[in-house]
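Report on one structure; see the data block that follows.
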Amino acid sequence: MPTYVNPKLCKNNAKCMEICPSDIMFVNKQTNLSYNLEPDMCWECFTCVKTCPEHAISIRPYADISPYLSEVTVLRDEATNRIRWEIRYRDQRTVKTFDFVIRTTPWGSIPIPSGPDPSDPELQSELLSGEWEELPHGSALSLDSRHRRT
Amino acid sequence: MNVRKVDSDILVIGGGMAGCGAAYEARYWGKNLRIVIAEKGQIDRSGAVAQGLSAINTYVGTQEGENTVEDFVQYARGDVMGLAREDLIYDIARHVDPSVRLLEKWGLPIVKDPKTGRFQREGRWQLLIHGESYKPIVAEAAKKAASEVVNRAVITHLLKDRTDPNRVAGAIGFDGRDGSLLVFRSKAVILAAGGATHVFRPRSVGEGWGRTWYSPWSSGSAYGLEIEAGARMVQMEIRLVPTRFKDGYGPVGTWFLYLKSYATNRLGEKYEDNRERLRPLVGSYADAKPMPTCLRNHLMIEEMKEGRGPILMHTEKVLDTPEKVESGWEDFLDMTVSQAHLWASQNHEPADRPSEIAPTEPYIMGSHAVNAGAWVSGPEDIAPKPYRWGFNRMTTVAGLFAAGDAAGGATHKFSSGSFAEGRIAGKSAVRFVLANAHHTPEPDSAEIERRRQEIFQPLENFHLGRPYITEGTVSPLYLYPSQALKRLEKIMDEYAGGATTWYTTNATMLERGLELLTMLREDLDLLGAEDLHQLTRAWELTHRVWTAAAVLRHTIAREETRWPGYYYRSDFPRLDDAAWKVFLISRYDPAAQTWTIEKEKVLGLGG
């Protein structure tokens, strides 16, 4: 389903439109509010739901397979690197909550890769970056002498 | 018409797992090179892993002594009934473990076994991860590596060198947001675009049309771009029909492998034990261990056809601890939230009752348990001579490299193997660029002009045709991409072995399908797009139609049923090793606009 947008919460920041992998979240230029332009190309991936800072977007599951009234809500936090899910059943009594880690390092902490000069003979080998550091351990790559260019 | 020219040494098309790996590795070895990523979506959440994943399906465990690289080659080759490039699989397998450790170093949470401190195994090759942010983590590395990421870049065609029609010179397309014509010129191009959903009609209807198992934005661009550029293609006849939880398409791996659940027919019988049913179709392959995925499908399909469905996954037999319950739900929440939502909407309690599983519609891919894609040159140290004509992972078009869904022959890459293969292609492209430093390919300006007109024609068609109707979607002058897509899906479903024929086809059906597809191909000239969103859909559809054309021609050529459970040739119902243990390689000649199909020997390592 598709996603739907709460008009009281949407602040027209277009973040859903920027991020949607399926290119279906758009801002209506008359109302200045976001909406799902093509619900039958929605994967229910929750990307826009997780991204919207106003929590304006929800998902009502595909009408052709899902009975009404259940609800799945999510809070994803890059400061604590946790994601919290709440699943509310159609019966309105059963509620399941889950809390998972999403990352073990701070956002932005991956270093820019920097390798040797183009003249370095390793460029002509089958080794990828960082792999020779693992070679002393032996079997890491199965790159024994048979597989090394000399 | 605004035109934006972007020059680079290496252009990466598609910023998914393979494309991000390619950009990272290319930057490492090509510190002074200009590396550009062209991404159809927004790279932080694009590609098939946009939603996340709950497992890494390829980790060999050589350092841990769990498996050897050769073990993995044997497993992957066996799962596609012997038709795989061992050299390419071996290459991925030797690089995939360090690639997974790199992902862990970047911050991907991989579950550890508390007793051994090693990665927790889900199955023999699989690891459990907390993978909700898998894609944005990998994208962070790629963004740092790339000189520039062009998001919302809809690549429609590759560009050739004006002096050499078999050498890539870049790519062309448009900006899905401002409508600029995008002209990329590059010394090398790494094609890492997606496999193909929505070539066959999905089982879902209405709103659920988008709930394909693989992401709906995987529009076969890998194949559409390769085929039209004249690259040789392999294994375009094999399709993946994954078994998944019915309708929500939740993954079954964690349930089968980690939670040790099992499936039965409605009578409670474990139908997979009945291997003897396979022997008349596939001979000694019936004894293969583990049982190839297509054969497991076949046994399930037979149960359903004979009226012993539904097929039930017995979740209720295994959810005996809170940890297992949590693993089961996280499996869905990390990668297929729809399945969790479906259970909630149906008041389904997995600890109390079993859940239906079923075979999906077919998919064309190079990254999962099948190996469609471009025919690529193998690694120099291990590839048999006939499989080696250029740098590793270069297609038969000079300067054009492929990885992930775009590269055929290797199988069982999944996310980690696609990432590793992207890294391999990234380094290889750097070697190509440095070895050809003297030559900068230049696209033909007449070709750019011709493509420009072609790219925006659907907007023109709509503009011209619109005044001839009052309102609505019915016009005699143009058709919408979604209307043509439905025709494509119906043709492929009914004539090429889709779900509604129980994956069955034959020469007569395929020839009829090709006839109808040819008319659809002609009708693409009439596509109408009222805006840039529709224009994006028009080009996604065009790539899907190219993919379908190759699928039909390959399926016609292979006169056997190689993969029962994926598709059946009713006129050649058995596997036939004597005549058909070969690859089929197709090529579309862009100048003559004709197709050829040849057989190629299946050679082992060093063979």
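Ligands are numbered from 1 in the order shown, residues from 1 within each chain, and chains are lettered A, B, ... in the order they appear in the structure tokens.
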Mind checking which residues fall within 10 Å of Val101 of chain A, counting only C-alpha atoms, ignoring those fewer than 2 positions away in the same chain, and posting them as a list in words?
Arg76, Asp77, Glu78, Thr80, Asn81, Arg82, Ile83, Arg84, Asp99, Arg103 and Thr104 of chain A; Leu108, Pro109, Ile129, His130, Gly131, Glu132 and Ser133 of chain B
Would you mind exporting the chosen residues as a compact mmCIF listing (two decimals), in the first residue's frame, restricted to C-alpha atoms?
# COMPACT_ATOMS: atom_id res chain seq x y z
CA ARG A 76 14.20 5.06 13.36
CA ASP A 77 16.82 7.09 15.18
CA GLU A 78 20.30 7.68 13.76
CA THR A 80 21.00 6.10 19.04
CA ASN A 81 21.20 3.79 16.01
CA ARG A 82 18.04 1.96 17.05
CA ILE A 83 14.83 1.18 15.24
CA ARG A 84 11.61 0.54 17.12
CA ASP A 99 13.70 -2.79 19.05
CA ARG A 103 24.39 0.40 12.92
CA THR A 104 27.42 -0.09 15.15
CA LEU B 108 26.70 -3.19 9.56
CA PRO B 109 25.54 -5.15 12.64
CA ILE B 129 22.30 -9.44 10.40
CA HIS B 130 20.40 -6.48 11.79
CA GLY B 131 20.21 -5.11 8.27
CA GLU B 132 17.63 -2.32 8.27
CA SER B 133 20.36 0.20 7.39
When DSSP is applied to the backbone of this structure, which of segment 112-209 of chain B are assigned strand (DSSP E)? Write them out as a PyMOL selection string.
chain B and resi 127-131+148-150+153-161+164-175+181-191
Written selection (C-alpha atoms) as a PDB file, in the first residue's frame:
ATOM      1  CA  LEU B 127      24.738 -14.963   8.310  1.00  0.00           C
ATOM      2  CA  LEU B 128      22.130 -13.217  10.448  1.00  0.00           C
ATOM      3  CA  ILE B 129      22.304  -9.435  10.402  1.00  0.00           C
ATOM      4  CA  HIS B 130      20.401  -6.478  11.786  1.00  0.00           C
ATOM      5  CA  GLY B 131      20.206  -5.107   8.268  1.00  0.00           C
ATOM      6  CA  GLU B 148      29.942  12.863  -8.004  1.00  0.00           C
ATOM      7  CA  VAL B 149      26.659  11.022  -7.492  1.00  0.00           C
ATOM      8  CA  VAL B 150      23.913  12.034  -9.919  1.00  0.00           C
ATOM      9  CA  ALA B 153      19.423   9.971 -13.396  1.00  0.00           C
ATOM     10  CA  VAL B 154      17.317   7.765 -15.661  1.00  0.00           C
ATOM     11  CA  ILE B 155      19.801   6.141 -18.038  1.00  0.00           C
ATOM     12  CA  THR B 156      18.064   5.096 -21.239  1.00  0.00           C
ATOM     13  CA  HIS B 157      20.927   4.030 -23.544  1.00  0.00           C
ATOM     14  CA  LEU B 158      24.645   3.422 -23.585  1.00  0.00           C
ATOM     15  CA  LEU B 159      26.672   5.550 -25.989  1.00  0.00           C
ATOM     16  CA  LYS B 160      29.287   4.126 -28.347  1.00  0.00           C
ATOM     17  CA  ASP B 161      32.549   5.552 -29.554  1.00  0.00           C
ATOM     18  CA  ASP B 164      34.459   2.075 -32.830  1.00  0.00           C
ATOM     19  CA  PRO B 165      30.875   0.771 -32.710  1.00  0.00           C
ATOM     20  CA  ASN B 166      31.873  -1.911 -30.223  1.00  0.00           C
ATOM     21  CA  ARG B 167      33.384   0.420 -27.662  1.00  0.00           C
ATOM     22  CA  VAL B 168      31.423   2.208 -24.976  1.00  0.00           C
ATOM     23  CA  ALA B 169      31.843   5.974 -24.710  1.00  0.00           C
ATOM     24  CA  GLY B 170      29.317   6.771 -21.997  1.00  0.00           C
ATOM     25  CA  ALA B 171      25.580   6.815 -21.496  1.00  0.00           C
ATOM     26  CA  ILE B 172      22.598   9.049 -22.088  1.00  0.00           C
ATOM     27  CA  GLY B 173      19.341   9.657 -20.250  1.00  0.00           C
ATOM     28  CA  PHE B 174      17.458  12.368 -18.450  1.00  0.00           C
ATOM     29  CA  ASP B 175      17.113  13.933 -15.029  1.00  0.00           C
ATOM     30  CA  LEU B 181      19.123  15.676 -21.039  1.00  0.00           C
ATOM     31  CA  LEU B 182      22.040  13.950 -19.310  1.00  0.00           C
ATOM     32  CA  VAL B 183      25.051  13.079 -21.454  1.00  0.00           C
ATOM     33  CA  PHE B 184      27.712  11.067 -19.670  1.00  0.00           C
ATOM     34  CA  ARG B 185      31.075  10.627 -21.393  1.00  0.00           C
ATOM     35  CA  SER B 186      33.402   8.096 -19.830  1.00  0.00           C
ATOM     36  CA  LYS B 187      36.466   5.990 -20.606  1.00  0.00           C
ATOM     37  CA  ALA B 188      34.927   2.984 -18.892  1.00  0.00           C
ATOM     38  CA  VAL B 189      31.393   2.186 -17.798  1.00  0.00           C
ATOM     39  CA  ILE B 190      30.462  -0.251 -15.041  1.00  0.00           C
ATOM     40  CA  LEU B 191      26.903  -1.396 -15.510  1.00  0.00           C
TER      41      LEU B 191
END
Do you know which residues are at most 10 Å from Trp580 of chain B counting only C-alpha atoms, after dropping those on the same chain fewer than 3 positions away, and could you put them as a ChimeraX atom specification?
/B:83,558-562,575-577,583-584,599,601
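Taking atom CA of Trp29 of chain B and atom CA of Gly115 of chain A as the two end points, the separation is 5.4 Å.
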Within 6 Å of chain A, which residues belong to chain B? Use only C-alpha atoms and report them as a PyMOL selection string.
chain B and resi 28-29+41-42+46+51+62-63+94+106-109+132-133+144-145+207-211+217+342+344-345+347+381
Written file, previous selection with N, CA and C atoms, as a PDB file, in the first residue's frame:
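part01.pdb was written with the following content:
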ATOM      1  N   TYR B  28      39.747   3.416  -4.554  1.00  0.00           N
ATOM      2  CA  TYR B  28      40.942   2.944  -3.853  1.00  0.00           C
ATOM      3  C   TYR B  28      42.122   2.826  -4.815  1.00  0.00           C
ATOM      4  N   TRP B  29      41.902   2.185  -5.963  1.00  0.00           N
ATOM      5  CA  TRP B  29      42.998   1.935  -6.905  1.00  0.00           C
ATOM      6  C   TRP B  29      43.209   3.095  -7.863  1.00  0.00           C
ATOM      7  N   GLY B  41      17.335   6.315  -8.502  1.00  0.00           N
ATOM      8  CA  GLY B  41      16.634   6.809  -7.325  1.00  0.00           C
ATOM      9  C   GLY B  41      17.510   7.782  -6.557  1.00  0.00           C
ATOM     10  N   GLN B  42      17.511   7.634  -5.246  1.00  0.00           N
ATOM     11  CA  GLN B  42      18.386   8.421  -4.387  1.00  0.00           C
ATOM     12  C   GLN B  42      19.253   7.387  -3.687  1.00  0.00           C
ATOM     13  N   SER B  46      18.324   3.145  -2.496  1.00  0.00           N
ATOM     14  CA  SER B  46      17.991   2.723  -3.852  1.00  0.00           C
ATOM     15  C   SER B  46      18.387   1.263  -4.018  1.00  0.00           C
ATOM     16  N   GLN B  51      15.112  -1.433   1.218  1.00  0.00           N
ATOM     17  CA  GLN B  51      14.325  -1.641   2.438  1.00  0.00           C
ATOM     18  C   GLN B  51      15.167  -2.216   3.575  1.00  0.00           C
ATOM     19  N   THR B  62      35.995 -19.170   4.996  1.00  0.00           N
ATOM     20  CA  THR B  62      37.282 -19.851   4.778  1.00  0.00           C
ATOM     21  C   THR B  62      38.204 -19.662   5.980  1.00  0.00           C
ATOM     22  N   GLN B  63      38.280 -18.429   6.490  1.00  0.00           N
ATOM     23  CA  GLN B  63      39.172 -18.143   7.616  1.00  0.00           C
ATOM     24  C   GLN B  63      38.791 -18.966   8.847  1.00  0.00           C
ATOM     25  N   ARG B  94      36.094 -16.070  -3.325  1.00  0.00           N
ATOM     26  CA  ARG B  94      37.364 -15.763  -2.649  1.00  0.00           C
ATOM     27  C   ARG B  94      37.411 -14.327  -2.155  1.00  0.00           C
ATOM     28  N   TRP B 106      32.469  -1.102   8.606  1.00  0.00           N
ATOM     29  CA  TRP B 106      31.742   0.141   8.328  1.00  0.00           C
ATOM     30  C   TRP B 106      30.582   0.358   9.291  1.00  0.00           C
ATOM     31  N   GLY B 107      30.119  -0.711   9.923  1.00  0.00           N
ATOM     32  CA  GLY B 107      29.050  -0.520  10.910  1.00  0.00           C
ATOM     33  C   GLY B 107      27.822  -1.379  10.711  1.00  0.00           C
ATOM     34  N   LEU B 108      27.856  -2.300   9.731  1.00  0.00           N
ATOM     35  CA  LEU B 108      26.703  -3.191   9.558  1.00  0.00           C
ATOM     36  C   LEU B 108      26.683  -4.188  10.725  1.00  0.00           C
ATOM     37  N   PRO B 109      25.587  -4.233  11.485  1.00  0.00           N
ATOM     38  CA  PRO B 109      25.543  -5.149  12.635  1.00  0.00           C
ATOM     39  C   PRO B 109      25.342  -6.602  12.180  1.00  0.00           C
ATOM     40  N   GLU B 132      18.554  -3.377   8.716  1.00  0.00           N
ATOM     41  CA  GLU B 132      17.635  -2.323   8.270  1.00  0.00           C
ATOM     42  C   GLU B 132      18.391  -1.208   7.536  1.00  0.00           C
ATOM     43  N   SER B 133      19.609  -0.915   7.982  1.00  0.00           N
ATOM     44  CA  SER B 133      20.360   0.204   7.390  1.00  0.00           C
ATOM     45  C   SER B 133      21.494  -0.264   6.476  1.00  0.00           C
ATOM     46  N   LYS B 144      31.360   8.743  -0.446  1.00  0.00           N
ATOM     47  CA  LYS B 144      32.687   9.279  -0.136  1.00  0.00           C
ATOM     48  C   LYS B 144      33.680   8.939  -1.239  1.00  0.00           C
ATOM     49  N   ALA B 145      33.465   7.790  -1.878  1.00  0.00           N
ATOM     50  CA  ALA B 145      34.413   7.349  -2.906  1.00  0.00           C
ATOM     51  C   ALA B 145      34.208   8.082  -4.224  1.00  0.00           C
ATOM     52  N   GLU B 207      -3.970  -2.832  -5.832  1.00  0.00           N
ATOM     53  CA  GLU B 207      -2.926  -2.130  -5.097  1.00  0.00           C
ATOM     54  C   GLU B 207      -1.683  -2.985  -4.900  1.00  0.00           C
ATOM     55  N   GLY B 208      -1.922  -4.265  -4.663  1.00  0.00           N
ATOM     56  CA  GLY B 208      -0.802  -5.160  -4.353  1.00  0.00           C
ATOM     57  C   GLY B 208       0.097  -5.459  -5.528  1.00  0.00           C
ATOM     58  N   TRP B 209      -0.216  -4.918  -6.693  1.00  0.00           N
ATOM     59  CA  TRP B 209       0.598  -5.094  -7.894  1.00  0.00           C
ATOM     60  C   TRP B 209       2.073  -4.796  -7.614  1.00  0.00           C
ATOM     61  N   GLY B 210       2.298  -3.800  -6.739  1.00  0.00           N
ATOM     62  CA  GLY B 210       3.674  -3.428  -6.414  1.00  0.00           C
ATOM     63  C   GLY B 210       4.364  -4.395  -5.464  1.00  0.00           C
ATOM     64  N   ARG B 211       3.603  -5.331  -4.878  1.00  0.00           N
ATOM     65  CA  ARG B 211       4.224  -6.256  -3.932  1.00  0.00           C
ATOM     66  C   ARG B 211       4.796  -7.468  -4.668  1.00  0.00           C
ATOM     67  N   TRP B 217      11.195  -1.346  -8.588  1.00  0.00           N
ATOM     68  CA  TRP B 217      12.042  -0.406  -9.337  1.00  0.00           C
ATOM     69  C   TRP B 217      13.217  -1.122 -10.012  1.00  0.00           C
ATOM     70  N   LEU B 342       0.808  -8.066   7.030  1.00  0.00           N
ATOM     71  CA  LEU B 342      -0.229  -8.993   6.561  1.00  0.00           C
ATOM     72  C   LEU B 342      -0.670  -9.921   7.696  1.00  0.00           C
ATOM     73  N   ALA B 344      -0.493  -9.285  10.860  1.00  0.00           N
ATOM     74  CA  ALA B 344      -1.247  -8.485  11.837  1.00  0.00           C
ATOM     75  C   ALA B 344      -2.666  -8.226  11.331  1.00  0.00           C
ATOM     76  N   SER B 345      -2.782  -7.957  10.045  1.00  0.00           N
ATOM     77  CA  SER B 345      -4.109  -7.634   9.496  1.00  0.00           C
ATOM     78  C   SER B 345      -5.026  -8.853   9.504  1.00  0.00           C
ATOM     79  N   ASN B 347      -4.894 -11.185  11.846  1.00  0.00           N
ATOM     80  CA  ASN B 347      -4.835 -11.727  13.220  1.00  0.00           C
ATOM     81  C   ASN B 347      -4.097 -13.064  13.263  1.00  0.00           C
ATOM     82  N   ASP B 381      43.659 -15.185 -13.610  1.00  0.00           N
ATOM     83  CA  ASP B 381      44.440 -16.288 -13.045  1.00  0.00           C
ATOM     84  C   ASP B 381      43.708 -17.631 -13.088  1.00  0.00           C
TER      85      ASP B 381
END
Compile the contact shell of Lys135 of chain B as a PyMOL selection string: residues with an atom at most 10 Å away, counting only C-alpha atoms, same-chain residues fewer than 4 positions apart removed.
chain B and resi 15-17+20+43-53+108+131+139-140+415
Could you name the residues that touch Ala14 of chain A at 10 Å or less, counting only C-alpha atoms, but leaving out those on the same chain fewer than 6 positions away, as an NGL selection string?
:A and (25-27 or 32-34 or 52)
Let me see the file: selected residues, N, CA and C atoms, as a PDB file, in the first residue's frame.
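That gives us selection.pdb:
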ATOM      1  N   MET A  25       6.300   9.222  -4.468  1.00  0.00           N
ATOM      2  CA  MET A  25       5.867  10.250  -3.518  1.00  0.00           C
ATOM      3  C   MET A  25       6.113  11.619  -4.143  1.00  0.00           C
ATOM      4  N   PHE A  26       5.057  12.400  -4.258  1.00  0.00           N
ATOM      5  CA  PHE A  26       5.177  13.702  -4.899  1.00  0.00           C
ATOM      6  C   PHE A  26       4.472  14.773  -4.075  1.00  0.00           C
ATOM      7  N   VAL A  27       4.885  16.013  -4.285  1.00  0.00           N
ATOM      8  CA  VAL A  27       4.213  17.138  -3.646  1.00  0.00           C
ATOM      9  C   VAL A  27       3.204  17.712  -4.645  1.00  0.00           C
ATOM     10  N   ASN A  32       0.388  21.916  -1.774  1.00  0.00           N
ATOM     11  CA  ASN A  32       1.665  21.876  -1.064  1.00  0.00           C
ATOM     12  C   ASN A  32       1.754  20.707  -0.084  1.00  0.00           C
ATOM     13  N   LEU A  33       1.052  19.648  -0.367  1.00  0.00           N
ATOM     14  CA  LEU A  33       1.099  18.472   0.488  1.00  0.00           C
ATOM     15  C   LEU A  33       1.568  17.273  -0.331  1.00  0.00           C
ATOM     16  N   SER A  34       2.264  16.346   0.341  1.00  0.00           N
ATOM     17  CA  SER A  34       2.760  15.143  -0.339  1.00  0.00           C
ATOM     18  C   SER A  34       1.660  14.105  -0.475  1.00  0.00           C
ATOM     19  N   CYS A  52      10.373  10.666   7.037  1.00  0.00           N
ATOM     20  CA  CYS A  52       9.595  11.892   7.278  1.00  0.00           C
ATOM     21  C   CYS A  52       9.808  12.416   8.702  1.00  0.00           C
TER      22      CYS A  52
END
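Between atom CA of Ser204 of chain B and atom CA of Arg353 of chain B the separation is 23.6 Å.
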Residue list (alpha helix (DSSP H), DSSP) for segment 12-122 of chain A, as number ranges by chain
A: 15-19, 47-51
The residue from B:Arg521, B:Arg279, B:Lys317, B:His95 with the smallest atom-to-atom distance to Leu299 of chain B, counting only C-alpha atoms, is B:Arg279
Separating atom CA of Phe401 of chain B from atom CA of Leu11 of chain B, to the nearest tenth of an Å, is a gap of 10.1 Å
Name all residues at most 7 Å from Ser58 of chain A (count only C-alpha atoms; drop same-chain ones fewer than 3 positions away) and give them as a ChimeraX atom specification.
/A:3-5,49
Prev. selection, C-alpha atoms, output as a tab-separated table (two decimals), in the first residue's frame:
chain	number	residue	atom	x	y	z
A	3	THR	CA	1.52	4.99	1.87
A	4	TYR	CA	-0.84	7.81	2.77
A	5	VAL	CA	-0.07	11.22	4.18
A	49	VAL	CA	7.74	6.55	6.63
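Between Pro481 of chain B and the candidates B:Val433, B:Ala231, B:Ala286, B:Ala538, the tightest atom-to-atom separation, counting only C-alpha atoms, involves B:Ala538.
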Polymer residues at most 6 Å from segment 487-497 of chain B, only C-alpha atoms, same-chain spacing of 3 or more positions, as a compact mmCIF listing (two decimals) with N, CA and C atoms, in the first residue's frame:
# COMPACT_ATOMS: atom_id res chain seq x y z
N VAL B 199 8.17 -8.34 -15.52
CA VAL B 199 8.21 -8.82 -16.90
C VAL B 199 7.08 -9.84 -17.05
N PHE B 200 6.92 -10.65 -16.00
CA PHE B 200 5.79 -11.58 -15.91
C PHE B 200 4.73 -10.97 -15.00
N ARG B 201 3.48 -11.27 -15.28
CA ARG B 201 2.38 -10.75 -14.47
C ARG B 201 2.53 -11.22 -13.03
N ALA B 484 0.84 -0.36 -21.38
CA ALA B 484 1.72 -1.24 -22.16
C ALA B 484 2.39 -2.28 -21.26
N TYR B 503 3.81 -22.18 -14.97
CA TYR B 503 5.19 -22.03 -15.47
C TYR B 503 5.46 -22.89 -16.70
N THR B 504 4.40 -23.24 -17.44
CA THR B 504 4.53 -24.14 -18.57
C THR B 504 4.42 -23.39 -19.89
N THR B 505 5.29 -23.75 -20.84
CA THR B 505 5.25 -23.17 -22.17
C THR B 505 5.72 -24.22 -23.18
N MET B 509 3.56 -21.75 -28.13
CA MET B 509 3.22 -20.62 -27.25
C MET B 509 4.29 -19.53 -27.32
N LEU B 510 5.54 -19.95 -27.32
CA LEU B 510 6.64 -18.97 -27.32
C LEU B 510 6.68 -18.17 -28.62
N GLY B 513 3.97 -15.73 -28.45
CA GLY B 513 4.38 -14.67 -27.53
C GLY B 513 5.32 -13.68 -28.19
N TYR B 567 10.65 -23.27 -14.93
CA TYR B 567 9.72 -23.29 -16.06
C TYR B 567 9.80 -24.64 -16.74
